[in-house]
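These notes concern the structure reproduced below.
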Amino acid sequence: SSNCVEGRCTATVASNQGWTKVATYHGGRYHFIVTKPDGAVCDDGSYAPAYITISLDPITLQGTVASDSNYGCPGGHISEQPFQLRRIG
């Protein structure tokens with residue numbers, strides 16, 4: 001669901017994994033971050049939180065998902081992948 005008040009828009013995003021986030025709208029896209037504890041495997045074999053940033057264009061349904069392990073892993077990695085959602089029904 002989404003809500004706009006005085007030009008500021010937010011949307012609630014719910015996962016089938018049990019988490020819910022509020023996405024904010026700016027620059028023509030909705031943005032939100034999911035943190036996964038122990039979601040990143042560091043080069044030394046230890047685990048650290050993974051920070052996953054998701055950006056989505058509500059018109060085209062094109063988005064990007066980026067993962068960043070630099071916060072907890074020395075020499076961490078940043079990866080980014082595009083995705084495309086499809087409306088069904």
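Ligands are numbered from 1 in the order shown, residues from 1 within each chain, and chains are lettered A, B, ... in the order they appear in the structure tokens.
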
What's the 12 Å shell around Lys36 in chain A, counting only C-alpha atoms, without same-chain residues fewer than 3 positions away, as an MDAnalysis selection string? chainID A and resid 17 19 33 39:41 47:53 67:69 72

Please, which residues of chain A, numbered as in this document, come out strand (DSSP E or B) from DSSP, as a PyMOL selection string? chain A and resi 2-5+8-14+20-26+29-41+47-56+62-68+78-84

Separation of CA of Tyr25 in chain A from CA of Asn3 in chain A, in Å and rounded to one decimal: 10.1 Å

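Across the model, the gap from CA of Cys42 in chain A to CA of His77 in chain A is 8.8 Å.
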
Å distance separating CA of Asp43 in chain A from CA of Gly75 in chain A, one decimal place: 7.6 Å

With only C-alpha atoms as the counted atoms, please give the residues lying no more than 10 Å from Pro58 in chain A, apart from itself and same-chain residues fewer than 2 positions off, as a ChimeraX atom specification. /A:25,28-30,55-56,60-63,85

Take the residues that were just selected and, keeping N, CA, C and O atoms, output them as an mmCIF file, in the first residue's frame.
```
data_model
loop_
_atom_site.group_PDB
_atom_site.id
_atom_site.type_symbol
_atom_site.label_atom_id
_atom_site.label_comp_id
_atom_site.auth_asym_id
_atom_site.auth_seq_id
_atom_site.Cartn_x
_atom_site.Cartn_y
_atom_site.Cartn_z
ATOM 1 N N TYR A 25 9.638 7.563 -1.281
ATOM 2 C CA TYR A 25 9.650 7.911 -2.704
ATOM 3 C C TYR A 25 10.470 9.177 -2.921
ATOM 4 O O TYR A 25 10.194 10.206 -2.312
ATOM 5 N N GLY A 28 11.794 9.721 -8.366
ATOM 6 C CA GLY A 28 10.993 8.897 -9.256
ATOM 7 C C GLY A 28 10.968 7.418 -8.915
ATOM 8 O O GLY A 28 10.467 6.606 -9.681
ATOM 9 N N ARG A 29 11.521 7.050 -7.740
ATOM 10 C CA ARG A 29 11.583 5.637 -7.346
ATOM 11 C C ARG A 29 11.293 5.491 -5.852
ATOM 12 O O ARG A 29 11.528 6.397 -5.074
ATOM 13 N N TYR A 30 10.801 4.317 -5.484
ATOM 14 C CA TYR A 30 10.686 3.954 -4.077
ATOM 15 C C TYR A 30 11.994 3.288 -3.653
ATOM 16 O O TYR A 30 12.574 2.504 -4.404
ATOM 17 N N SER A 55 15.526 -0.455 -4.924
ATOM 18 C CA SER A 55 14.985 0.745 -5.558
ATOM 19 C C SER A 55 14.040 0.286 -6.654
ATOM 20 O O SER A 55 14.377 -0.615 -7.425
ATOM 21 N N LEU A 56 12.834 0.899 -6.733
ATOM 22 C CA LEU A 56 11.833 0.443 -7.692
ATOM 23 C C LEU A 56 11.083 1.612 -8.304
ATOM 24 O O LEU A 56 10.617 2.498 -7.591
ATOM 25 N N THR A 60 7.246 1.727 -14.305
ATOM 26 C CA THR A 60 7.790 0.681 -15.184
ATOM 27 C C THR A 60 7.982 -0.656 -14.469
ATOM 28 O O THR A 60 8.177 -1.675 -15.124
ATOM 29 N N LEU A 61 7.990 -0.630 -13.132
ATOM 30 C CA LEU A 61 8.263 -1.790 -12.287
ATOM 31 C C LEU A 61 9.679 -2.330 -12.472
ATOM 32 O O LEU A 61 9.971 -3.478 -12.150
ATOM 33 N N GLN A 62 10.583 -1.488 -12.980
ATOM 34 C CA GLN A 62 11.997 -1.848 -13.069
ATOM 35 C C GLN A 62 12.680 -1.395 -11.787
ATOM 36 O O GLN A 62 12.360 -0.340 -11.241
ATOM 37 N N GLY A 63 13.626 -2.201 -11.334
ATOM 38 C CA GLY A 63 14.314 -1.848 -10.105
ATOM 39 C C GLY A 63 15.732 -2.344 -10.077
ATOM 40 O O GLY A 63 16.209 -2.988 -11.013
ATOM 41 N N LEU A 85 9.731 -6.408 -12.342
ATOM 42 C CA LEU A 85 8.519 -7.017 -11.821
ATOM 43 C C LEU A 85 7.460 -7.059 -12.921
ATOM 44 O O LEU A 85 7.506 -6.244 -13.837
#
```
